[in-house]
Each structure stands twice: as structure tokens, then as C-alpha cells.
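Structure data follow from my_file_36.pdb (PDB, C-alpha atoms):
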```
MODEL        1
ATOM      1  CA  ALA A   1       1.732  18.598  32.369
ATOM      2  CA  TYR A   2       4.137  20.498  30.155
ATOM      3  CA  VAL A   3       1.362  21.707  27.857
ATOM      4  CA  LEU A   4      -0.601  23.017  30.845
ATOM      5  CA  VAL A   5       2.301  24.986  32.357
ATOM      6  CA  PRO A   6       1.323  28.341  30.722
ATOM      7  CA  ALA A   7      -2.240  28.086  32.059
ATOM      8  CA  ALA A   8      -0.915  27.149  35.516
ATOM      9  CA  GLU A   9       1.507  30.088  35.556
ATOM     10  CA  LEU A  10      -1.311  32.458  34.592
ATOM     11  CA  LEU A  11      -3.747  31.251  37.284
ATOM     12  CA  GLU A  12      -1.060  31.080  39.971
ATOM     13  CA  ARG A  13      -0.818  34.880  39.818
ATOM     14  CA  TYR A  14      -4.254  35.037  41.457
ATOM     15  CA  VAL A  15      -4.718  31.800  43.448
ATOM     16  CA  PRO A  16      -2.434  29.256  45.171
ATOM     17  CA  ALA A  17      -0.740  26.647  42.972
ATOM     18  CA  THR A  18      -2.860  23.693  44.094
ATOM     19  CA  ALA A  19      -6.100  25.617  43.573
ATOM     20  CA  ALA A  20      -4.940  26.836  40.144
ATOM     21  CA  ILE A  21      -4.125  23.321  38.969
ATOM     22  CA  LEU A  22      -7.406  21.943  40.312
ATOM     23  CA  LEU A  23      -9.279  24.681  38.420
ATOM     24  CA  ILE A  24      -7.450  23.715  35.208
ATOM     25  CA  PHE A  25      -8.282  20.028  35.613
ATOM     26  CA  CYS A  26     -11.924  20.787  36.449
ATOM     27  CA  GLY A  27     -12.179  22.904  33.294
ATOM     28  CA  LEU A  28     -10.580  20.194  31.173
ATOM     29  CA  PHE A  29     -12.875  17.549  32.663
ATOM     30  CA  PHE A  30     -15.921  19.696  31.929
ATOM     31  CA  ILE A  31     -14.821  20.230  28.309
ATOM     32  CA  LEU A  32     -14.137  16.493  27.937
ATOM     33  CA  ILE A  33     -17.624  15.626  29.180
ATOM     34  CA  ILE A  34     -19.207  18.058  26.704
ATOM     35  CA  ILE A  35     -17.184  16.603  23.822
ATOM     36  CA  VAL A  36     -17.952  12.992  24.778
ATOM     37  CA  VAL A  37     -21.670  13.639  25.244
ATOM     38  CA  SER A  38     -21.921  15.550  21.967
ATOM     39  CA  ILE A  39     -19.728  13.255  19.862
ATOM     40  CA  PHE A  40     -20.286   9.651  20.921
ATOM     41  CA  PRO A  41     -24.097   9.343  20.552
ATOM     42  CA  PRO A  42     -24.144  10.733  16.989
ATOM     43  CA  PHE A  43     -20.926   8.845  16.203
ATOM     44  CA  ILE A  44     -22.402   5.465  17.211
ATOM     45  CA  SER A  45     -25.645   6.286  15.392
ATOM     46  CA  GLN A  46     -23.827   7.332  12.235
ATOM     47  CA  LEU A  47     -21.594   4.266  12.464
ATOM     48  CA  ALA A  48     -24.676   2.023  12.455
ATOM     49  CA  SER A  49     -26.147   3.975   9.532
ATOM     50  CA  LEU A  50     -22.870   3.657   7.655
ATOM     51  CA  ASN A  51     -22.815  -0.089   8.196
ATOM     52  CA  ALA A  52     -26.350  -0.363   6.789
ATOM     53  CA  TYR A  53     -25.529   1.893   3.841
ATOM     54  CA  ILE A  54     -22.326   0.106   2.764
ATOM     55  CA  PRO A  55     -24.062  -2.509   0.511
ATOM     56  CA  GLU A  56     -25.966   0.235  -1.320
ATOM     57  CA  LEU A  57     -22.787   2.309  -1.624
ATOM     58  CA  VAL A  58     -20.893  -0.650  -3.066
ATOM     59  CA  SER A  59     -23.702  -1.255  -5.596
ATOM     60  CA  GLU A  60     -23.536   2.384  -6.687
ATOM     61  CA  LEU A  61     -19.755   2.194  -7.054
ATOM     62  CA  LYS A  62     -20.060  -1.003  -9.089
ATOM     63  CA  ALA A  63     -22.601   0.662 -11.373
ATOM     64  CA  PHE A  64     -20.239   3.592 -11.789
ATOM     65  CA  ALA A  65     -17.354   1.232 -12.583
ATOM     66  CA  GLY A  66     -19.598  -0.579 -15.075
ATOM     67  CA  GLY A  67     -20.164   2.698 -16.891
ATOM     68  CA  ILE A  68     -16.414   3.271 -17.041
ATOM     69  CA  GLN A  69     -15.932  -0.225 -18.441
ATOM     70  CA  SER A  70     -18.486   0.439 -21.181
ATOM     71  CA  VAL A  71     -16.645   3.581 -22.171
ATOM     72  CA  LEU A  72     -13.346   1.681 -22.204
ATOM     73  CA  GLU A  73     -14.853  -1.079 -24.355
ATOM     74  CA  LYS A  74     -16.014   1.460 -26.909
ATOM     75  CA  ALA A  75     -12.566   3.024 -26.854
ATOM     76  CA  GLY A  76     -11.021  -0.357 -27.651
ATOM     77  CA  PHE A  77      -9.195  -1.086 -24.373
ATOM     78  CA  ASN A  78      -8.389  -4.738 -23.753
ATOM     79  CA  TYR A  79      -9.703  -7.176 -21.159
ATOM     80  CA  THR A  80      -6.786  -6.521 -18.774
ATOM     81  CA  VAL A  81      -8.082  -3.027 -17.995
ATOM     82  CA  HIS A  82     -11.575  -4.385 -17.303
ATOM     83  CA  LYS A  83     -10.119  -7.044 -15.013
ATOM     84  CA  SER A  84      -8.087  -4.469 -13.090
ATOM     85  CA  ILE A  85     -11.213  -2.370 -12.461
ATOM     86  CA  GLU A  86     -13.145  -5.417 -11.232
ATOM     87  CA  GLU A  87     -10.326  -6.423  -8.897
ATOM     88  CA  GLY A  88     -10.069  -2.872  -7.590
ATOM     89  CA  MET A  89     -13.794  -2.769  -6.866
ATOM     90  CA  GLY A  90     -13.516  -6.107  -5.045
ATOM     91  CA  VAL A  91     -10.754  -4.798  -2.811
ATOM     92  CA  LEU A  92     -12.729  -1.596  -2.146
ATOM     93  CA  GLN A  93     -15.807  -3.609  -1.197
ATOM     94  CA  GLU A  94     -13.818  -5.730   1.270
ATOM     95  CA  ARG A  95     -12.324  -2.641   2.904
ATOM     96  CA  LEU A  96     -15.662  -0.889   3.191
ATOM     97  CA  ILE A  97     -17.323  -3.934   4.715
ATOM     98  CA  GLY A  98     -14.445  -4.312   7.180
ATOM     99  CA  LEU A  99     -14.474  -0.611   8.082
ATOM    100  CA  THR A 100     -17.118  -0.750  10.818
ATOM    101  CA  PRO A 101     -15.768  -3.853  12.622
ATOM    102  CA  ASP A 102     -12.288  -2.306  12.614
ATOM    103  CA  ILE A 103     -13.562   0.916  14.182
ATOM    104  CA  VAL A 104     -15.570  -0.970  16.798
ATOM    105  CA  GLU A 105     -12.566  -3.164  17.622
ATOM    106  CA  LYS A 106     -10.339  -0.120  18.071
ATOM    107  CA  LEU A 107     -12.946   1.519  20.318
ATOM    108  CA  ILE A 108     -13.071  -1.625  22.466
ATOM    109  CA  ASP A 109      -9.273  -1.745  22.672
ATOM    110  CA  GLY A 110      -9.234   1.928  23.649
ATOM    111  CA  ALA A 111     -11.870   1.355  26.353
ATOM    112  CA  ALA A 112      -9.784  -1.517  27.768
ATOM    113  CA  GLY A 113      -6.940   0.935  28.354
ATOM    114  CA  LEU A 114      -9.069   3.464  30.258
ATOM    115  CA  PRO A 115      -7.814   2.428  33.745
ATOM    116  CA  GLU A 116      -4.254   3.301  32.695
ATOM    117  CA  LEU A 117      -5.437   6.699  31.444
ATOM    118  CA  PHE A 118      -6.389   7.659  35.006
ATOM    119  CA  LEU A 119      -2.686   7.746  35.830
ATOM    120  CA  ILE A 120      -2.237  10.653  33.404
ATOM    121  CA  PRO A 121      -4.168  13.325  35.352
ATOM    122  CA  ILE A 122      -2.687  12.099  38.660
ATOM    123  CA  LEU A 123       0.905  12.306  37.432
ATOM    124  CA  SER A 124       0.198  15.547  35.571
ATOM    125  CA  PHE A 125      -1.175  17.104  38.759
ATOM    126  CA  TYR A 126       1.971  16.345  40.757
ATOM    127  CA  PHE A 127       4.330  17.316  37.938
ATOM    128  CA  LEU A 128       2.523  20.652  37.592
ATOM    129  CA  ARG A 129       2.292  21.378  41.296
ATOM    130  CA  ASP A 130       5.890  20.379  42.105
ATOM    131  CA  ARG A 131       7.540  21.379  38.820
ATOM    132  CA  LYS A 132      10.025  23.688  40.583
ATOM    133  CA  TYR A 133      11.058  20.819  42.879
ATOM    134  CA  PHE A 134      11.658  18.477  39.918
ATOM    135  CA  LYS A 135      13.530  21.253  38.121
ATOM    136  CA  LYS A 136      15.941  21.648  41.058
ATOM    137  CA  ILE A 137      16.564  17.888  41.142
ATOM    138  CA  ALA A 138      17.241  17.785  37.385
ATOM    139  CA  ILE A 139      19.685  20.705  37.614
ATOM    140  CA  ARG A 140      21.585  19.077  40.509
ATOM    141  CA  LEU A 141      22.055  15.917  38.428
ATOM    142  CA  ILE A 142      24.016  17.892  35.796
ATOM    143  CA  PRO A 143      27.811  18.002  36.403
ATOM    144  CA  LEU A 144      28.840  21.447  37.590
ATOM    145  CA  GLN A 145      31.200  22.152  34.677
ATOM    146  CA  TYR A 146      28.379  21.597  32.152
ATOM    147  CA  ARG A 147      25.503  22.971  34.197
ATOM    148  CA  LYS A 148      25.484  26.500  32.806
ATOM    149  CA  SER A 149      25.545  25.524  29.109
ATOM    150  CA  ILE A 150      23.036  22.668  29.493
ATOM    151  CA  THR A 151      20.549  24.740  31.516
ATOM    152  CA  ARG A 152      20.857  27.527  28.936
ATOM    153  CA  THR A 153      20.124  25.015  26.150
ATOM    154  CA  PHE A 154      17.085  23.625  27.956
ATOM    155  CA  ALA A 155      15.819  27.111  28.716
ATOM    156  CA  GLU A 156      15.971  27.915  24.996
ATOM    157  CA  ILE A 157      14.176  24.647  24.142
ATOM    158  CA  HIS A 158      11.519  25.426  26.752
ATOM    159  CA  HIS A 159      10.981  28.895  25.312
ATOM    160  CA  ILE A 160      10.630  27.779  21.690
ATOM    161  CA  LEU A 161       8.407  24.781  22.540
ATOM    162  CA  HIS A 162       6.036  27.026  24.446
ATOM    163  CA  ARG A 163       5.810  29.307  21.421
ATOM    164  CA  PHE A 164       5.098  26.260  19.257
ATOM    165  CA  ILE A 165       2.386  24.984  21.625
ATOM    166  CA  ARG A 166       0.724  28.407  21.694
ATOM    167  CA  SER A 167       0.779  28.625  17.909
ATOM    168  CA  GLN A 168      -0.745  25.132  17.620
ATOM    169  CA  ILE A 169      -3.543  26.014  20.020
ATOM    170  CA  ILE A 170      -4.299  29.241  18.151
ATOM    171  CA  THR A 171      -4.267  27.447  14.783
ATOM    172  CA  SER A 172      -6.512  24.647  16.065
ATOM    173  CA  LEU A 173      -9.027  27.133  17.454
ATOM    174  CA  VAL A 174      -9.112  29.149  14.221
ATOM    175  CA  ILE A 175      -9.517  26.077  12.001
ATOM    176  CA  GLY A 176     -12.158  24.597  14.308
ATOM    177  CA  ILE A 177     -14.161  27.846  14.201
ATOM    178  CA  PHE A 178     -13.823  28.266  10.420
ATOM    179  CA  THR A 179     -14.803  24.639   9.762
ATOM    180  CA  THR A 180     -17.806  24.872  12.080
ATOM    181  CA  ILE A 181     -18.989  28.080  10.414
ATOM    182  CA  GLY A 182     -18.583  26.505   6.969
ATOM    183  CA  PHE A 183     -20.549  23.390   7.927
ATOM    184  CA  LEU A 184     -23.248  25.525   9.567
ATOM    185  CA  LEU A 185     -23.585  27.605   6.405
ATOM    186  CA  ILE A 186     -24.183  24.494   4.270
ATOM    187  CA  ARG A 187     -26.390  23.030   7.060
ATOM    188  CA  LEU A 188     -24.389  19.844   7.417
ATOM    189  CA  PRO A 189     -25.633  17.674  10.313
ATOM    190  CA  TYR A 190     -23.510  17.773  13.482
ATOM    191  CA  ALA A 191     -21.592  20.818  12.263
ATOM    192  CA  LEU A 192     -20.350  21.710  15.761
ATOM    193  CA  VAL A 193     -19.116  18.189  16.465
ATOM    194  CA  LEU A 194     -17.358  17.978  13.091
ATOM    195  CA  GLY A 195     -15.787  21.382  13.677
ATOM    196  CA  ILE A 196     -14.406  20.194  17.032
ATOM    197  CA  ILE A 197     -12.961  17.099  15.357
ATOM    198  CA  SER A 198     -11.306  19.256  12.687
ATOM    199  CA  GLY A 199      -9.809  21.479  15.365
ATOM    200  CA  ILE A 200      -8.389  18.458  17.196
ATOM    201  CA  PHE A 201      -6.837  17.045  14.018
ATOM    202  CA  GLU A 202      -5.284  20.455  13.382
ATOM    203  CA  ILE A 203      -2.613  19.483  15.902
ATOM    204  CA  ILE A 204      -0.997  17.906  12.833
ATOM    205  CA  PRO A 205       0.045  20.931  10.709
ATOM    206  CA  TYR A 206      -0.986  21.223   7.045
ATOM    207  CA  PHE A 207      -2.502  17.715   6.843
ATOM    208  CA  GLY A 208      -4.957  18.305   9.693
ATOM    209  CA  PRO A 209      -7.864  19.593   7.563
ATOM    210  CA  TRP A 210      -7.732  16.521   5.306
ATOM    211  CA  LEU A 211      -7.743  14.097   8.239
ATOM    212  CA  GLY A 212     -10.467  16.078   9.989
ATOM    213  CA  ALA A 213     -12.518  16.072   6.785
ATOM    214  CA  ILE A 214     -12.977  12.281   6.767
ATOM    215  CA  PRO A 215     -15.780  12.237   9.414
ATOM    216  CA  ALA A 216     -17.521  15.153   7.664
ATOM    217  CA  VAL A 217     -17.520  13.352   4.307
ATOM    218  CA  ILE A 218     -18.860  10.173   5.944
ATOM    219  CA  ILE A 219     -21.664  12.138   7.620
ATOM    220  CA  ALA A 220     -22.496  13.836   4.316
ATOM    221  CA  ILE A 221     -22.627  10.480   2.481
ATOM    222  CA  ILE A 222     -24.964   8.963   5.063
ATOM    223  CA  ASN A 223     -27.143  11.844   6.191
ATOM    224  CA  ALA A 224     -27.001  14.451   3.447
ATOM    225  CA  PRO A 225     -25.812  13.080   0.074
ATOM    226  CA  SER A 226     -26.897  16.307  -1.617
ATOM    227  CA  LYS A 227     -24.351  18.202   0.509
ATOM    228  CA  ILE A 228     -21.302  16.078  -0.382
ATOM    229  CA  ILE A 229     -20.033  18.577  -2.959
ATOM    230  CA  TRP A 230     -20.539  21.521  -0.606
ATOM    231  CA  THR A 231     -18.787  19.607   2.185
ATOM    232  CA  VAL A 232     -15.787  19.023  -0.066
ATOM    233  CA  VAL A 233     -15.844  22.728  -1.067
ATOM    234  CA  VAL A 234     -15.746  23.786   2.608
ATOM    235  CA  VAL A 235     -12.889  21.363   3.301
ATOM    236  CA  ILE A 236     -10.888  22.632   0.310
ATOM    237  CA  ILE A 237     -11.428  26.297   1.265
ATOM    238  CA  VAL A 238     -10.364  25.664   4.873
ATOM    239  CA  GLN A 239      -7.404  23.623   3.667
ATOM    240  CA  GLN A 240      -6.277  26.439   1.397
ATOM    241  CA  LEU A 241      -6.617  28.979   4.191
ATOM    242  CA  GLU A 242      -4.765  26.681   6.577
ATOM    243  CA  GLY A 243      -1.973  25.728   4.207
ATOM    244  CA  ASN A 244      -1.341  29.100   2.586
ATOM    245  CA  ILE A 245      -2.200  31.678   5.234
ATOM    246  CA  ILE A 246      -2.997  30.492   8.759
ATOM    247  CA  THR A 247      -0.317  27.895   9.559
ATOM    248  CA  PRO A 248       2.630  29.543   7.722
ATOM    249  CA  LYS A 249       1.772  32.884   9.296
ATOM    250  CA  ILE A 250       1.060  31.738  12.855
ATOM    251  CA  MET A 251       3.429  28.782  13.183
ATOM    252  CA  GLY A 252       6.204  30.115  10.986
ATOM    253  CA  ASP A 253       6.365  33.381  12.917
ATOM    254  CA  HIS A 254       6.104  31.754  16.344
ATOM    255  CA  VAL A 255       8.721  29.027  15.982
ATOM    256  CA  GLY A 256      11.101  30.692  13.547
ATOM    257  CA  LEU A 257      10.954  27.894  10.972
ATOM    258  CA  HIS A 258      10.385  28.518   7.289
ATOM    259  CA  PRO A 259       7.210  26.772   5.986
ATOM    260  CA  VAL A 260       9.393  24.628   3.698
ATOM    261  CA  TYR A 261      11.251  23.180   6.716
ATOM    262  CA  ILE A 262       7.939  22.506   8.471
ATOM    263  CA  ILE A 263       6.515  20.651   5.449
ATOM    264  CA  ILE A 264       9.704  18.593   4.973
ATOM    265  CA  SER A 265       9.811  17.631   8.659
ATOM    266  CA  LEU A 266       6.148  16.569   8.533
ATOM    267  CA  TRP A 267       6.793  14.505   5.403
ATOM    268  CA  ILE A 268       9.801  12.723   6.941
ATOM    269  CA  GLY A 269       8.023  12.159  10.265
ATOM    270  CA  GLY A 270       4.947  10.758   8.539
ATOM    271  CA  MET A 271       7.022   8.541   6.251
ATOM    272  CA  PHE A 272       8.863   6.845   9.125
ATOM    273  CA  PHE A 273       6.430   7.017  12.061
ATOM    274  CA  GLY A 274       2.960   7.680  10.616
ATOM    275  CA  ILE A 275       0.549  10.108  12.298
ATOM    276  CA  LEU A 276       2.561  10.175  15.551
ATOM    277  CA  GLY A 277       5.628  11.085  13.532
ATOM    278  CA  MET A 278       3.732  13.980  11.937
ATOM    279  CA  LEU A 279       2.529  15.066  15.368
ATOM    280  CA  PHE A 280       6.014  15.276  16.882
ATOM    281  CA  ALA A 281       8.013  16.132  13.759
ATOM    282  CA  VAL A 282       8.120  19.908  14.182
ATOM    283  CA  PRO A 283       8.892  19.872  17.943
ATOM    284  CA  ALA A 284      11.659  17.325  17.287
ATOM    285  CA  VAL A 285      13.191  19.549  14.596
ATOM    286  CA  LEU A 286      13.011  22.568  16.913
ATOM    287  CA  ILE A 287      14.731  20.675  19.740
ATOM    288  CA  ILE A 288      17.423  19.239  17.438
ATOM    289  CA  ARG A 289      18.104  22.680  15.970
ATOM    290  CA  VAL A 290      18.640  24.239  19.407
ATOM    291  CA  ILE A 291      20.892  21.376  20.586
ATOM    292  CA  VAL A 292      23.019  21.368  17.420
ATOM    293  CA  LYS A 293      23.367  25.146  17.526
ATOM    294  CA  ASN A 294      24.521  25.141  21.149
ATOM    295  CA  ILE A 295      26.938  22.252  20.590
ATOM    296  CA  TYR A 296      28.437  24.136  17.643
ATOM    297  CA  LEU A 297      28.759  27.350  19.683
ATOM    298  CA  SER A 298      30.440  25.465  22.548
ATOM    299  CA  ILE A 299      32.941  23.845  20.155
ATOM    300  CA  VAL A 300      33.715  27.173  18.514
ATOM    301  CA  SER A 301      34.195  28.892  21.877
ATOM    302  CA  ILE A 302      36.748  26.326  23.122
ATOM    303  CA  SER A 303      38.663  25.928  19.841
ATOM    304  CA  PRO A 304      42.141  27.535  19.795
TER     305      PRO A 304
ENDMDL
END
```
Show me this structure written as C-alpha cells.
Amino acid sequence: AYVLVPAAELLERYVPATAAILLIFCGLFFILIIIVVSIFPPFISQLASLNAYIPELVSELKAFAGGIQSVLEKAGFNYTVHKSIEEGMGVLQERLIGLTPDIVEKLIDGAAGLPELFLIPILSFYFLRDRKYFKKIAIRLIPLQYRKSITRTFAEIHHILHRFIRSQIITSLVIGIFTTIGFLLIRLPYALVLGIISGIFEIIPYFGPWLGAIPAVIIAIINAPSKIIWTVVVVIIVQQLEGNIITPKIMGDHVGLHPVYIIISLWIGGMFFGILGMLFAVPAVLIIRVIVKNIYLSIVSISP
């Protein structure tokens, strides 16, 4: 609901609030249908192809490792190195073979939670439509002596979070378009779908292109082995653009954080909370910064 507030405010200038919110949800539902229809059939097909290709892939990796072992033997390395390579290949084989069942199991678990997901649009609709009502209730709950400073703090948080959300949307769109164009140029299968996936993963700053590149590399391995190198080249180019130009410029300017602070917050969030930590790291830092600043200003203002 919070993410959709800017769109609701824009549409409410022209149509009533309920109609504006219904238009937003209809548009989102239409986009979701397009994504599901375009992604899931090729995804299931490619998943089956990947499962069939895994034994051949493992054989090729073993042959490659065998070549490395021959080189090491000629160089005079001992048996321990050979044993380490063999054990590493065994672990890799087990993980590759278990990859498809793990994905299928997670898809099944996700499908089991679909009924609960229907609560999200219902609650979002009412929060969006009656957001002014909930705002009044929240303000009345604040003690009168603190109301002015707390509402000012939350207004500042609201302002900076909206700037962050806008910058994330812009960055995701740009990366999605660039990735799609790159994959189209090298004629990688399902370029549009892979570009959409890259754009979605771009919600995680800096690391988004690498995470979004995983499906593209898998598709290249299965469907177009000759395009693996070009796929990696496209990913690296987009990653360089994203890391050095797009994200620092767009996000750094919009949220007022130096790129170094953004990278450190992502690293800490990922280290403690994984992908979700990376997703919420920058907003958390922005909120903490505003709160700490306002607490400090309030202490300074009342000190003798």
C-alpha cells in the first residue's frame, strides 16, 4: 500500500479515490498475468531441460577436472590436491542433481501459501483508500507534548522513503531495458523474460545484476551454449553500468547517501539477514539516520 501511494495520489487528481485505486490494482493484475504467462511456461520447460542436461554437464565438468589433474601431476603436485578436486566435483554433482527438486519443492511451498496472498490486495486496498483516516488515528495516539516532533520526524521519513522508492523503480526499469536489449542483440532465447527478471532483482542495489544473471546463464547453458560467453559479457557490461553509473547517480542523488554508505549497509544487511536484509538495508539506514538526527536535535534544543 505504501509503495502505491504516489500512483494513487496522481490518479486521485482526476478520478475519485476508490476508482483510482481500482485502476491501479487492475493494471497491476494485468501486468502480473502477462509476467506469469510469459515466464512460467518457458521456466518449467527449461527446468525440465536442465534436469535432463545435468548428467552431461557433470560429465563435462569431470573431464575438465581430469585435465586439470593431469596438469597438476606433470607439475609434481601430490595426491592431496587430486583428492581435493575429486571431492569438490562430488559435492558439485550432488548440488546440481538436487537443484531441480529443490526448486520444485520451493514452488510447491509457494503455491501452498497462495490463499494467504489474497489478503495482501484486500488489505492494501483499504489502507490506500482510507490512508488519511489511519493517519488521523495514528496521530491521535501520540501524546500531545511529543506530537509535533514525532509527526515532523515521520514526515521526513515519508519524504525520503518515497524518493528512495522512486529511485529504485527508475533503476529497475533502466536495468531491465538495458538487459533486454543486450540479450536481444546476442539473440539469447527468452530475452524479454530474462530482462524482466533482471529488472525485478534490481530491487537489491548493486548485487541485483548478478542475481538476475543466474537464470540467463542457465538458459544459455541449456538452449544456446555458444552464447554463454556473450551472455556473461552482457551481464558484466550491465553490472558495470549499474554499479558505477546508474545506481550511484540515481539512488545516491535521490536519497542523499554516499555510494560507500549504501554498499556498506547492503553488505551488513546481507551478512546478517541474507537477501531480505539486502532488500531492506538502505531503507533501514535512511530511517535510522532521520530518527537519530531528530533525537539529537531535540536533545540539543532542550539542553541548558
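When CA of Leu194 (chain A) is paired with CA of Trp230 (chain A), their separation reads 14.5 Å.
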Box in all listed atoms of region 167-173 of chain A, axis-aligned, with 5 Å more on each side; write out centre and edge lengths in Å to one decimal as AutoDock Vina command-line options.
```
--center_x -4.1 --center_y 26.9 --center_z 17.4 --size_x 19.8 --size_y 14.6 --size_z 15.2
```
Given the file shown, determine the residues that the PyMOL selection byres ((chain A and resi 238) around 8) selects; report them as an mmCIF file with C-alpha atoms, in the coordinates of the input.
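File written: part33.cif
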```
data_model
loop_
_atom_site.group_PDB
_atom_site.id
_atom_site.type_symbol
_atom_site.label_atom_id
_atom_site.label_comp_id
_atom_site.auth_asym_id
_atom_site.auth_seq_id
_atom_site.Cartn_x
_atom_site.Cartn_y
_atom_site.Cartn_z
ATOM 1 C CA ILE A 175 -9.517 26.077 12.001
ATOM 2 C CA PHE A 178 -13.823 28.266 10.420
ATOM 3 C CA THR A 179 -14.803 24.639 9.762
ATOM 4 C CA PRO A 209 -7.864 19.593 7.563
ATOM 5 C CA VAL A 234 -15.746 23.786 2.608
ATOM 6 C CA VAL A 235 -12.889 21.363 3.301
ATOM 7 C CA ILE A 236 -10.888 22.632 0.310
ATOM 8 C CA ILE A 237 -11.428 26.297 1.265
ATOM 9 C CA GLN A 239 -7.404 23.623 3.667
ATOM 10 C CA GLN A 240 -6.277 26.439 1.397
ATOM 11 C CA LEU A 241 -6.617 28.979 4.191
ATOM 12 C CA GLU A 242 -4.765 26.681 6.577
#
```
(Q) List the spatial neighbours of region 14-20 of chain A as a PyMOL selection string - criterion: any atom at most 12 Å away, all atoms listed in the file, same-chain residues fewer than 3 positions off excluded. (A) chain A and resi 4-11+23-27+125-132
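You can rank A:Val292, A:Val3, A:Ile228, A:Leu266 by their closest distance to Gly208 (chain A) using only C-alpha atoms, and at the top of that list sits A:Leu266.
The closest residue to Glu156 (chain A), picked from A:Ile200, A:Ile291, A:Leu32, A:Leu185 and counting all atoms listed in the file, is A:Ile291.
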